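J.: Right, I'll just put the structure down here and ask away after.
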Amino acid sequence: MNPDGSGVRQLKAGTAAEYPSWSPDGARIAVDVALYFNYPVAPLIDVAVMNVDGTGSFTTTARGASAAWRPAAGNRPPIASFSAQCGAHTCTFDAASSVDLDGSITSYTWNFGDGTSGSGATATHVYPSGNQYVARLMVADDSGTTGSTSYTVEPNAKPVAQFTATCDSVACRFDGSTSRDVDGTVVKHVWTFGDGSSAEGPFVNHTYVTPGLYSTTLTVTDNEGATGTQNRTAFTVACSGLVCTFDGSSSSDSDGTIASYEWDFGDGRYGAGAIVSHAFRLGATYTITLTVRDNLGLSNVHHKWVRVPATLPPVASFTSVCGNLTCAFDGSASLATEGPITSYQWDFGDGSWGTGRTVSHTYQAPGTYTVVLTVRNSLDASGEQRTTVTVTSVPAHVGDIDGLVNGQAALWGATVTIEIHGENHARLANVRVTGLWSNGAAGACTTSADGRCAVQLSGISKQTRSVSFSVTSVSEPSNYRPARNHDPEGDSDGTTVIVKRP
(Lines give C-alpha, C1' and ligand atoms only; values in the text may rest on other atoms or scores of the structure.)
Protein backbone atom coordinates (compact mmCIF):
# COMPACT_ATOMS: atom_id res chain seq x y z
CA MET A 1 0.00 0.00 0.00
CA ASN A 2 1.24 3.49 -0.88
CA PRO A 3 1.33 6.18 1.83
CA ASP A 4 -1.71 7.89 0.23
CA GLY A 5 -3.78 4.76 0.63
CA SER A 6 -3.58 3.68 -3.03
CA GLY A 7 -2.20 0.42 -4.31
CA VAL A 8 -3.82 -1.69 -1.59
CA ARG A 9 -3.41 -5.41 -2.14
CA GLN A 10 -4.52 -8.48 -0.24
CA LEU A 11 -1.99 -9.70 2.31
CA LYS A 12 -0.88 -13.28 1.71
CA ALA A 13 0.01 -14.23 5.29
CA GLY A 14 -1.28 -13.68 8.77
CA THR A 15 -4.76 -12.64 9.75
CA ALA A 16 -5.46 -10.61 6.58
CA ALA A 17 -4.68 -13.56 4.32
CA GLU A 18 -8.19 -14.93 4.92
CA TYR A 19 -10.14 -11.73 5.55
CA PRO A 20 -10.54 -8.44 3.61
CA SER A 21 -8.04 -5.69 4.41
CA TRP A 22 -7.91 -2.05 3.38
CA SER A 23 -6.64 1.39 4.42
CA PRO A 24 -9.26 3.81 5.71
CA ASP A 25 -6.96 6.86 5.85
CA GLY A 26 -3.61 5.96 4.31
CA ALA A 27 -2.00 5.62 7.76
CA ARG A 28 -3.68 2.49 9.11
CA ILE A 29 -4.68 -0.94 7.90
CA ALA A 30 -8.10 -2.24 8.89
CA VAL A 31 -8.77 -5.98 8.87
CA ASP A 32 -12.33 -7.33 8.82
CA VAL A 33 -12.17 -10.42 11.04
CA ALA A 34 -15.50 -12.14 11.64
CA LEU A 35 -15.18 -14.70 14.43
CA TYR A 36 -17.90 -17.32 14.01
CA PHE A 37 -17.56 -18.85 17.47
CA ASN A 38 -18.30 -17.76 21.01
CA TYR A 39 -15.93 -17.55 23.92
CA PRO A 40 -16.69 -16.76 27.54
CA VAL A 41 -13.88 -14.21 27.38
CA ALA A 42 -12.40 -12.37 24.45
CA PRO A 43 -9.79 -14.59 22.75
CA LEU A 44 -6.24 -13.67 21.84
CA ILE A 45 -6.03 -12.31 18.28
CA ASP A 46 -2.95 -11.89 16.08
CA VAL A 47 -2.93 -8.37 14.56
CA ALA A 48 -0.51 -7.38 11.77
CA VAL A 49 0.88 -3.83 12.09
CA MET A 50 3.17 -1.81 9.78
CA ASN A 51 4.48 1.74 9.34
CA VAL A 52 2.80 4.21 6.96
CA ASP A 53 5.55 3.71 4.35
CA GLY A 54 5.03 -0.04 4.42
CA THR A 55 8.22 -0.83 6.43
CA GLY A 56 8.65 -2.32 9.83
CA SER A 57 5.80 -4.80 9.70
CA PHE A 58 5.39 -7.02 12.72
CA THR A 59 2.73 -9.13 14.41
CA THR A 60 1.40 -8.52 17.87
CA THR A 61 -1.08 -10.34 20.03
CA ALA A 62 -3.97 -8.54 21.72
CA ARG A 63 -6.97 -9.51 23.79
CA GLY A 64 -10.50 -8.14 23.92
CA ALA A 65 -11.18 -4.48 23.22
CA SER A 66 -7.50 -3.70 22.53
CA ALA A 67 -7.78 -5.95 19.47
CA ALA A 68 -11.21 -4.58 18.42
CA TRP A 69 -12.60 -8.05 18.86
CA ARG A 70 -16.32 -8.59 18.14
CA PRO A 71 -18.55 -11.67 18.32
CA ALA A 72 -19.78 -13.48 15.25
CA ALA A 73 -22.53 -11.66 13.32
CA GLY A 74 -24.69 -14.76 12.76
CA ASN A 75 -26.15 -16.17 9.48
CA ARG A 76 -26.09 -13.89 6.46
CA PRO A 77 -29.10 -14.03 4.10
CA PRO A 78 -28.53 -15.32 0.56
CA ILE A 79 -28.36 -12.82 -2.30
CA ALA A 80 -30.94 -13.42 -5.07
CA SER A 81 -29.89 -12.54 -8.61
CA PHE A 82 -31.02 -13.71 -12.05
CA SER A 83 -30.94 -12.97 -15.76
CA ALA A 84 -33.77 -13.27 -18.32
CA GLN A 85 -33.77 -13.87 -22.07
CA CYS A 86 -37.15 -13.28 -23.77
CA GLY A 87 -38.70 -13.62 -27.22
CA ALA A 88 -41.90 -14.87 -28.88
CA HIS A 89 -43.87 -14.83 -25.57
CA THR A 90 -41.26 -17.12 -23.91
CA CYS A 91 -38.69 -16.15 -21.26
CA THR A 92 -35.80 -18.23 -19.93
CA PHE A 93 -34.65 -17.37 -16.40
CA ASP A 94 -31.24 -18.25 -14.91
CA ALA A 95 -30.46 -17.74 -11.19
CA ALA A 96 -26.86 -19.01 -11.37
CA SER A 97 -25.61 -15.60 -10.18
CA SER A 98 -27.39 -15.97 -6.81
CA VAL A 99 -24.96 -16.58 -3.93
CA ASP A 100 -24.87 -17.39 -0.20
CA LEU A 101 -21.72 -16.06 1.50
CA ASP A 102 -21.80 -18.37 4.50
CA GLY A 103 -23.60 -21.46 3.27
CA SER A 104 -25.42 -22.81 0.25
CA ILE A 105 -28.68 -22.05 -1.57
CA THR A 106 -31.14 -24.88 -1.22
CA SER A 107 -34.22 -23.66 -3.15
CA TYR A 108 -35.25 -21.26 -5.92
CA THR A 109 -38.88 -20.10 -6.15
CA TRP A 110 -40.16 -18.08 -9.13
CA ASN A 111 -43.23 -15.83 -9.43
CA PHE A 112 -43.56 -15.06 -13.14
CA GLY A 113 -45.88 -12.07 -12.67
CA ASP A 114 -48.86 -13.52 -14.53
CA GLY A 115 -50.31 -15.54 -11.66
CA THR A 116 -48.11 -18.60 -12.22
CA SER A 117 -44.98 -19.81 -10.40
CA GLY A 118 -42.08 -22.22 -10.79
CA SER A 119 -38.96 -23.57 -9.11
CA GLY A 120 -35.37 -24.48 -9.89
CA ALA A 121 -32.14 -22.64 -10.58
CA THR A 122 -33.27 -22.22 -14.21
CA ALA A 123 -36.83 -21.94 -15.51
CA THR A 124 -38.61 -21.38 -18.82
CA HIS A 125 -42.06 -19.81 -18.94
CA VAL A 126 -44.52 -19.09 -21.77
CA TYR A 127 -46.55 -15.90 -21.21
CA PRO A 128 -50.10 -15.43 -22.57
CA SER A 129 -49.21 -12.14 -24.31
CA GLY A 130 -46.32 -9.80 -24.98
CA ASN A 131 -47.12 -7.31 -22.19
CA GLN A 132 -44.72 -6.32 -19.42
CA TYR A 133 -44.53 -8.59 -16.35
CA VAL A 134 -42.62 -8.30 -13.05
CA ALA A 135 -40.82 -11.62 -12.46
CA ARG A 136 -39.67 -12.29 -8.86
CA LEU A 137 -37.09 -14.78 -7.56
CA MET A 138 -36.86 -15.88 -3.91
CA VAL A 139 -33.91 -18.04 -2.79
CA ALA A 140 -33.50 -19.86 0.57
CA ASP A 141 -30.21 -21.06 2.11
CA ASP A 142 -29.39 -24.08 4.28
CA SER A 143 -30.29 -22.09 7.40
CA GLY A 144 -33.76 -21.21 6.14
CA THR A 145 -32.93 -17.55 5.50
CA THR A 146 -34.35 -16.07 2.29
CA GLY A 147 -33.50 -13.32 -0.17
CA SER A 148 -35.45 -12.03 -3.15
CA THR A 149 -35.22 -9.76 -6.19
CA SER A 150 -37.46 -8.80 -9.12
CA TYR A 151 -37.04 -7.80 -12.76
CA THR A 152 -39.47 -6.50 -15.41
CA VAL A 153 -39.62 -8.64 -18.55
CA GLU A 154 -41.38 -8.07 -21.87
CA PRO A 155 -41.76 -11.40 -23.69
CA ASN A 156 -42.96 -9.94 -27.00
CA ALA A 157 -40.44 -10.28 -29.83
CA LYS A 158 -40.00 -6.99 -31.67
CA PRO A 159 -41.00 -6.95 -35.34
CA VAL A 160 -38.22 -6.80 -37.95
CA ALA A 161 -38.37 -3.82 -40.31
CA GLN A 162 -37.05 -4.53 -43.78
CA PHE A 163 -37.43 -2.67 -47.06
CA THR A 164 -35.99 -1.97 -50.50
CA ALA A 165 -35.74 1.37 -52.29
CA THR A 166 -35.78 1.80 -56.06
CA CYS A 167 -35.20 5.29 -57.43
CA ASP A 168 -35.54 6.65 -60.96
CA SER A 169 -34.14 10.15 -60.93
CA VAL A 170 -35.81 11.79 -57.88
CA ALA A 171 -38.85 9.46 -57.86
CA CYS A 172 -38.44 6.52 -55.46
CA ARG A 173 -40.60 3.48 -54.71
CA PHE A 174 -40.25 1.86 -51.29
CA ASP A 175 -41.31 -1.70 -50.52
CA GLY A 176 -41.58 -2.75 -46.86
CA SER A 177 -43.72 -5.84 -47.44
CA THR A 178 -40.90 -8.19 -46.33
CA SER A 179 -41.04 -6.83 -42.75
CA ARG A 180 -42.09 -9.59 -40.37
CA ASP A 181 -43.03 -10.43 -36.79
CA VAL A 182 -42.15 -13.92 -35.50
CA ASP A 183 -44.85 -13.99 -32.80
CA GLY A 184 -47.61 -11.89 -34.31
CA THR A 185 -48.37 -9.68 -37.28
CA VAL A 186 -47.08 -6.34 -38.57
CA VAL A 187 -50.06 -3.96 -38.44
CA LYS A 188 -48.48 -0.61 -39.32
CA HIS A 189 -45.69 0.75 -41.58
CA VAL A 190 -44.55 4.37 -41.05
CA TRP A 191 -41.96 5.99 -43.36
CA THR A 192 -39.84 9.11 -42.95
CA PHE A 193 -38.02 10.09 -46.13
CA GLY A 194 -35.30 12.34 -44.77
CA ASP A 195 -36.72 15.50 -46.35
CA GLY A 196 -39.32 16.28 -43.69
CA SER A 197 -42.13 14.26 -45.26
CA SER A 198 -43.63 10.92 -44.23
CA ALA A 199 -46.16 8.28 -45.31
CA GLU A 200 -47.82 5.06 -44.16
CA GLY A 201 -48.35 1.67 -45.82
CA PRO A 202 -46.25 -1.33 -46.89
CA PHE A 203 -45.76 0.16 -50.40
CA VAL A 204 -45.20 3.89 -50.89
CA ASN A 205 -43.98 6.23 -53.62
CA HIS A 206 -42.11 9.44 -52.90
CA THR A 207 -40.68 12.09 -55.20
CA TYR A 208 -37.93 14.30 -53.79
CA VAL A 209 -37.88 17.97 -54.71
CA THR A 210 -34.12 18.04 -55.27
CA PRO A 211 -31.56 15.30 -55.90
CA GLY A 212 -29.39 14.23 -53.00
CA LEU A 213 -28.53 11.62 -50.41
CA TYR A 214 -31.51 10.97 -48.16
CA SER A 215 -31.80 8.78 -45.06
CA THR A 216 -35.10 6.88 -45.17
CA THR A 217 -36.44 5.14 -42.04
CA LEU A 218 -39.16 2.50 -41.86
CA THR A 219 -40.79 1.88 -38.47
CA VAL A 220 -43.09 -1.13 -38.20
CA THR A 221 -45.49 -1.86 -35.34
CA ASP A 222 -46.80 -5.31 -34.43
CA ASN A 223 -50.20 -6.30 -33.06
CA GLU A 224 -48.97 -5.86 -29.46
CA GLY A 225 -47.49 -2.39 -29.93
CA ALA A 226 -43.78 -3.32 -30.23
CA THR A 227 -41.78 -1.51 -32.92
CA GLY A 228 -38.78 -2.19 -35.11
CA THR A 229 -36.90 0.13 -37.47
CA GLN A 230 -34.59 0.00 -40.44
CA ASN A 231 -32.69 2.89 -41.97
CA ARG A 232 -31.39 3.02 -45.53
CA THR A 233 -29.90 5.73 -47.69
CA ALA A 234 -31.82 6.76 -50.81
CA PHE A 235 -29.48 8.42 -53.30
CA THR A 236 -31.34 10.49 -55.91
CA VAL A 237 -30.12 12.29 -59.00
CA ALA A 238 -31.67 14.66 -61.54
CA CYS A 239 -30.77 14.18 -65.20
CA SER A 240 -31.67 16.34 -68.20
CA GLY A 241 -30.53 14.56 -71.29
CA LEU A 242 -26.94 13.44 -70.73
CA VAL A 243 -26.26 16.00 -67.97
CA CYS A 244 -26.91 14.84 -64.40
CA THR A 245 -26.75 16.75 -61.11
CA PHE A 246 -25.60 14.93 -57.96
CA ASP A 247 -26.16 16.28 -54.46
CA GLY A 248 -24.36 14.81 -51.44
CA SER A 249 -24.79 17.84 -49.17
CA SER A 250 -27.09 15.97 -46.77
CA SER A 251 -24.20 13.71 -45.71
CA SER A 252 -23.35 14.22 -42.04
CA ASP A 253 -20.73 13.39 -39.42
CA SER A 254 -21.91 12.73 -35.85
CA ASP A 255 -18.66 13.76 -34.16
CA GLY A 256 -17.14 16.28 -36.56
CA THR A 257 -17.58 17.84 -40.00
CA ILE A 258 -17.47 16.63 -43.61
CA ALA A 259 -14.20 17.88 -45.10
CA SER A 260 -14.43 16.57 -48.69
CA TYR A 261 -16.78 14.97 -51.23
CA GLU A 262 -15.22 12.78 -53.96
CA TRP A 263 -17.29 11.49 -56.90
CA ASP A 264 -16.55 8.63 -59.28
CA PHE A 265 -19.04 8.87 -62.16
CA GLY A 266 -18.39 5.37 -63.43
CA ASP A 267 -17.28 6.50 -66.90
CA GLY A 268 -13.59 7.07 -66.07
CA ARG A 269 -14.09 10.64 -64.89
CA TYR A 270 -14.24 12.15 -61.41
CA GLY A 271 -15.49 15.21 -59.55
CA ALA A 272 -15.38 16.93 -56.17
CA GLY A 273 -17.77 19.01 -54.11
CA ALA A 274 -21.04 18.61 -52.22
CA ILE A 275 -23.10 19.34 -55.37
CA VAL A 276 -21.72 18.51 -58.83
CA SER A 277 -22.97 18.26 -62.41
CA HIS A 278 -21.54 15.85 -64.94
CA ALA A 279 -22.13 15.41 -68.69
CA PHE A 280 -22.03 11.79 -69.83
CA ARG A 281 -20.97 10.99 -73.37
CA LEU A 282 -23.47 8.15 -73.83
CA GLY A 283 -26.82 7.19 -72.40
CA ALA A 284 -26.32 4.08 -70.26
CA THR A 285 -26.43 2.79 -66.68
CA TYR A 286 -23.48 3.87 -64.53
CA THR A 287 -22.27 3.05 -61.01
CA ILE A 288 -21.85 6.34 -59.16
CA THR A 289 -19.61 6.31 -56.07
CA LEU A 290 -19.58 9.07 -53.45
CA THR A 291 -16.77 9.07 -50.87
CA VAL A 292 -17.03 11.52 -47.97
CA ARG A 293 -14.17 12.25 -45.57
CA ASP A 294 -14.44 13.99 -42.21
CA ASN A 295 -12.08 16.38 -40.43
CA LEU A 296 -10.21 13.43 -38.87
CA GLY A 297 -9.56 11.73 -42.20
CA LEU A 298 -12.13 8.97 -41.73
CA SER A 299 -14.23 8.10 -44.79
CA ASN A 300 -17.47 6.44 -45.85
CA VAL A 301 -18.53 5.26 -49.31
CA HIS A 302 -21.96 5.06 -50.97
CA HIS A 303 -22.73 3.48 -54.36
CA LYS A 304 -25.74 3.90 -56.61
CA TRP A 305 -26.80 2.73 -60.05
CA VAL A 306 -27.88 5.67 -62.21
CA ARG A 307 -29.60 5.30 -65.57
CA VAL A 308 -28.68 8.18 -67.88
CA PRO A 309 -31.21 8.51 -70.73
CA ALA A 310 -29.77 8.73 -74.20
CA THR A 311 -32.37 11.27 -75.29
CA LEU A 312 -34.87 13.68 -73.85
CA PRO A 313 -37.50 11.71 -71.91
CA PRO A 314 -41.01 11.29 -73.26
CA VAL A 315 -43.72 13.62 -71.98
CA ALA A 316 -46.55 11.90 -70.12
CA SER A 317 -50.02 13.39 -70.52
CA PHE A 318 -53.49 11.98 -69.90
CA THR A 319 -57.14 12.85 -69.48
CA SER A 320 -59.69 11.37 -67.10
CA VAL A 321 -63.47 11.07 -67.17
CA CYS A 322 -65.18 9.84 -64.01
CA GLY A 323 -68.73 8.73 -63.44
CA ASN A 324 -69.69 7.69 -59.96
CA LEU A 325 -66.90 5.34 -58.74
CA THR A 326 -65.49 4.49 -62.19
CA CYS A 327 -62.91 6.55 -64.09
CA ALA A 328 -61.67 6.16 -67.67
CA PHE A 329 -58.06 7.29 -68.27
CA ASP A 330 -56.54 8.06 -71.69
CA GLY A 331 -52.78 8.55 -72.10
CA SER A 332 -52.87 8.96 -75.87
CA ALA A 333 -51.76 12.61 -75.57
CA SER A 334 -48.35 11.55 -74.22
CA LEU A 335 -45.53 12.75 -76.46
CA ALA A 336 -42.61 10.60 -77.66
CA THR A 337 -39.80 13.14 -78.12
CA GLU A 338 -37.34 10.57 -79.47
CA GLY A 339 -38.03 6.87 -79.74
CA PRO A 340 -41.57 5.47 -79.55
CA ILE A 341 -43.36 5.06 -76.23
CA THR A 342 -43.26 1.37 -75.32
CA SER A 343 -45.14 1.26 -72.01
CA TYR A 344 -47.80 3.08 -70.03
CA GLN A 345 -47.95 2.35 -66.28
CA TRP A 346 -50.75 3.71 -64.09
CA ASP A 347 -50.82 4.18 -60.33
CA PHE A 348 -54.46 4.80 -59.40
CA GLY A 349 -53.62 6.10 -55.91
CA ASP A 350 -55.54 3.42 -54.00
CA GLY A 351 -52.86 0.72 -54.07
CA SER A 352 -53.93 -0.54 -57.51
CA TRP A 353 -51.92 -0.48 -60.74
CA GLY A 354 -52.69 -0.76 -64.43
CA THR A 355 -51.01 -0.78 -67.84
CA GLY A 356 -51.98 0.33 -71.34
CA ARG A 357 -52.57 3.54 -73.22
CA THR A 358 -56.22 3.66 -72.10
CA VAL A 359 -57.54 2.06 -68.91
CA SER A 360 -60.66 2.03 -66.77
CA HIS A 361 -60.64 1.69 -62.98
CA THR A 362 -63.43 1.37 -60.42
CA TYR A 363 -62.66 2.63 -56.92
CA GLN A 364 -64.03 0.85 -53.89
CA ALA A 365 -64.97 4.00 -51.99
CA PRO A 366 -65.72 7.63 -52.79
CA GLY A 367 -62.91 10.13 -52.29
CA THR A 368 -60.05 12.02 -53.95
CA TYR A 369 -57.14 10.03 -55.36
CA THR A 370 -53.79 10.99 -56.93
CA VAL A 371 -53.28 9.22 -60.26
CA VAL A 372 -49.78 8.90 -61.78
CA LEU A 373 -49.02 7.93 -65.39
CA THR A 374 -45.43 6.87 -66.18
CA VAL A 375 -44.49 6.43 -69.84
CA ARG A 376 -41.24 4.85 -71.06
CA ASN A 377 -39.74 4.93 -74.55
CA SER A 378 -37.64 2.46 -76.53
CA LEU A 379 -34.45 4.10 -75.19
CA ASP A 380 -35.56 3.39 -71.60
CA ALA A 381 -36.17 7.06 -70.84
CA SER A 382 -39.28 7.85 -68.81
CA GLY A 383 -41.60 10.69 -67.95
CA GLU A 384 -44.60 11.03 -65.66
CA GLN A 385 -47.70 13.11 -65.01
CA ARG A 386 -49.80 13.12 -61.88
CA THR A 387 -53.23 14.59 -61.19
CA THR A 388 -56.12 14.07 -58.77
CA VAL A 389 -59.55 12.63 -59.47
CA THR A 390 -62.64 12.70 -57.27
CA VAL A 391 -65.18 9.89 -57.35
CA THR A 392 -68.58 9.66 -55.71
CA SER A 393 -71.18 6.97 -55.08
CA VAL A 394 -74.23 6.52 -57.29
CA PRO A 395 -77.51 7.76 -55.75
CA ALA A 396 -79.92 4.89 -56.52
CA HIS A 397 -83.61 4.17 -56.05
CA VAL A 398 -86.24 1.67 -57.14
CA GLY A 399 -87.60 2.71 -60.52
CA ASP A 400 -90.08 -0.15 -60.93
CA ILE A 401 -91.25 -3.17 -58.95
CA ASP A 402 -93.67 -5.80 -60.31
CA GLY A 403 -95.17 -9.03 -58.92
CA LEU A 404 -96.07 -12.23 -60.78
CA VAL A 405 -97.90 -15.41 -59.67
CA ASN A 406 -96.29 -18.77 -60.50
CA GLY A 407 -98.69 -21.77 -60.65
CA GLN A 408 -102.20 -22.12 -59.20
CA ALA A 409 -102.22 -25.67 -57.79
CA ALA A 410 -102.19 -26.65 -54.13
CA LEU A 411 -99.06 -24.58 -53.74
CA TRP A 412 -98.17 -21.44 -55.65
CA GLY A 413 -95.20 -19.11 -55.97
CA ALA A 414 -94.55 -15.42 -56.37
CA THR A 415 -91.86 -13.61 -58.39
CA VAL A 416 -91.01 -9.94 -57.83
CA THR A 417 -88.87 -8.07 -60.38
CA ILE A 418 -87.06 -4.93 -59.23
CA GLU A 419 -85.57 -2.27 -61.48
CA ILE A 420 -82.90 0.07 -60.01
CA HIS A 421 -82.42 3.59 -61.38
CA GLY A 422 -79.66 6.15 -60.86
CA GLU A 423 -79.51 9.82 -61.84
CA ASN A 424 -81.85 10.74 -64.71
CA HIS A 425 -83.48 7.31 -64.30
CA ALA A 426 -80.50 5.52 -65.86
CA ARG A 427 -80.63 1.81 -65.12
CA LEU A 428 -77.83 0.60 -62.83
CA ALA A 429 -76.06 -2.74 -63.13
CA ASN A 430 -74.24 -4.73 -60.42
CA VAL A 431 -76.36 -3.32 -57.61
CA ARG A 432 -77.23 -5.64 -54.71
CA VAL A 433 -80.91 -5.45 -53.69
CA THR A 434 -82.20 -7.00 -50.45
CA GLY A 435 -85.65 -7.18 -48.92
CA LEU A 436 -88.22 -9.16 -46.89
CA TRP A 437 -91.32 -11.15 -47.80
CA SER A 438 -94.42 -10.72 -45.69
CA ASN A 439 -93.84 -14.16 -44.11
CA GLY A 440 -90.43 -12.98 -42.81
CA ALA A 441 -88.32 -14.74 -45.47
CA ALA A 442 -85.38 -12.76 -46.86
CA GLY A 443 -84.81 -12.18 -50.56
CA ALA A 444 -81.84 -10.74 -52.46
CA CYS A 445 -80.63 -10.33 -56.04
CA THR A 446 -78.05 -8.39 -58.09
CA THR A 447 -79.08 -6.28 -61.07
CA SER A 448 -77.92 -7.27 -64.55
CA ALA A 449 -76.92 -4.97 -67.40
CA ASP A 450 -80.56 -3.83 -67.85
CA GLY A 451 -80.72 -2.77 -64.18
CA ARG A 452 -83.24 -5.50 -63.31
CA CYS A 453 -83.19 -8.53 -61.00
CA ALA A 454 -85.82 -10.87 -59.49
CA VAL A 455 -86.56 -12.59 -56.18
CA GLN A 456 -88.84 -15.59 -55.77
CA LEU A 457 -90.91 -17.17 -53.02
CA SER A 458 -92.24 -20.72 -53.58
CA GLY A 459 -94.38 -23.23 -51.68
CA ILE A 460 -97.14 -20.78 -50.73
CA SER A 461 -100.30 -22.46 -49.50
CA LYS A 462 -103.46 -21.90 -51.59
CA GLN A 463 -105.14 -20.71 -48.38
CA THR A 464 -102.78 -17.70 -48.50
CA ARG A 465 -104.43 -15.22 -50.86
CA SER A 466 -101.51 -12.80 -51.16
CA VAL A 467 -97.93 -12.09 -50.17
CA SER A 468 -95.87 -8.93 -50.35
CA PHE A 469 -92.19 -8.09 -50.83
CA SER A 470 -90.55 -4.92 -49.52
CA VAL A 471 -87.14 -3.58 -50.62
CA THR A 472 -85.09 -2.79 -47.50
CA SER A 473 -81.71 -1.76 -48.94
CA VAL A 474 -79.73 -1.13 -52.09
CA SER A 475 -76.07 -1.71 -51.19
CA GLU A 476 -72.84 0.00 -52.29
CA PRO A 477 -71.45 0.95 -54.72
CA SER A 478 -74.78 2.79 -54.80
CA ASN A 479 -76.31 5.12 -52.24
CA TYR A 480 -79.90 4.01 -51.63
CA ARG A 481 -82.43 6.87 -51.73
CA PRO A 482 -85.78 5.18 -50.79
CA ALA A 483 -87.63 8.47 -50.85
CA ARG A 484 -87.25 8.48 -54.65
CA ASN A 485 -88.73 4.97 -55.11
CA HIS A 486 -91.63 4.86 -57.59
CA ASP A 487 -93.61 2.50 -59.81
CA PRO A 488 -94.61 3.83 -63.25
CA GLU A 489 -97.59 1.43 -63.47
CA GLY A 490 -98.89 2.63 -60.14
CA ASP A 491 -99.55 -0.86 -58.75
CA SER A 492 -97.15 -0.33 -55.81
CA ASP A 493 -95.54 2.48 -53.87
CA GLY A 494 -92.14 1.62 -55.36
CA THR A 495 -90.93 -0.08 -52.18
CA THR A 496 -93.51 -2.80 -51.43
CA VAL A 497 -95.48 -4.82 -53.96
CA ILE A 498 -98.38 -7.21 -53.18
CA VAL A 499 -98.72 -10.43 -55.17
CA LYS A 500 -102.28 -11.90 -55.09
CA ARG A 501 -103.32 -15.41 -56.09
CA PRO A 502 -106.19 -15.32 -58.62
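Following the order of the C-alpha coordinates, chains are lettered A, B, ..., residues in each are numbered from 1, and ligands are numbered from 1.
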Which residues are near Gly130 of chain A? Cut-off 6 Å, only C-alpha atoms, ignore same chain within fewer than 6 positions. Put them as a PyMOL selection string.
T.: chain A and resi 89+155-156
J.: When you draw a straight line from atom CA of Asp380 of chain A to atom CA of Glu262 of chain A, how long is it in Å?
T.: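 Result for atom CA of Asp380 of chain A versus atom CA of Glu262 of chain A: 28.5 Å, one decimal.
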J.: Name all residues at most 10 Å from segment 419-426 of chain A (count only C-alpha atoms; drop same-chain ones fewer than 4 positions away) and give them as a PyMOL selection string.
T.: chain A and resi 394-402+430-433+446-448+450-454+474+478-481+484-485+487+494
J.: So, counting only C-alpha atoms, which residue among A:Gly443, A:Thr146, A:Pro314, A:Leu242 is closest to Gly283 of chain A?
T.: A:Leu242
J.: From the set A:Phe329, A:Phe112, A:Tyr369, A:Phe193, which residue has the shortest atom-to-atom contact distance to Thr355 of chain A, counting only C-alpha atoms?
T.: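 Checking each candidate against Thr355 of chain A, we get A:Phe329 as the closest.
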J.: Using DSSP secondary structure from the backbone, list all helix (DSSP H, G or I) positions within segment 271-487 of chain A, as a ChimeraX atom specification.
T.: /A:423-425,482-484
J.: Hey, what does DSSP flag as strand (DSSP E) within segment 257-480 of chain A? Can you give it to me as a PyMOL selection string?
T.: chain A and resi 258-264+270-272+275-279+284-294+299-308+319-323+326-330+341-347+353-355+358-362+367-377+382-391+394-406+411-421+432-437+442-446+452-461+466-474+478-480
J.: Using only C-alpha atoms, find the one residue out of A:Ala409, A:Ala442, A:Ile275, A:Val315 that sits nearest to Ser473 of chain A.
T.: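 Looking at the shortest contact to Ser473 of chain A, the residue is A:Ala442.
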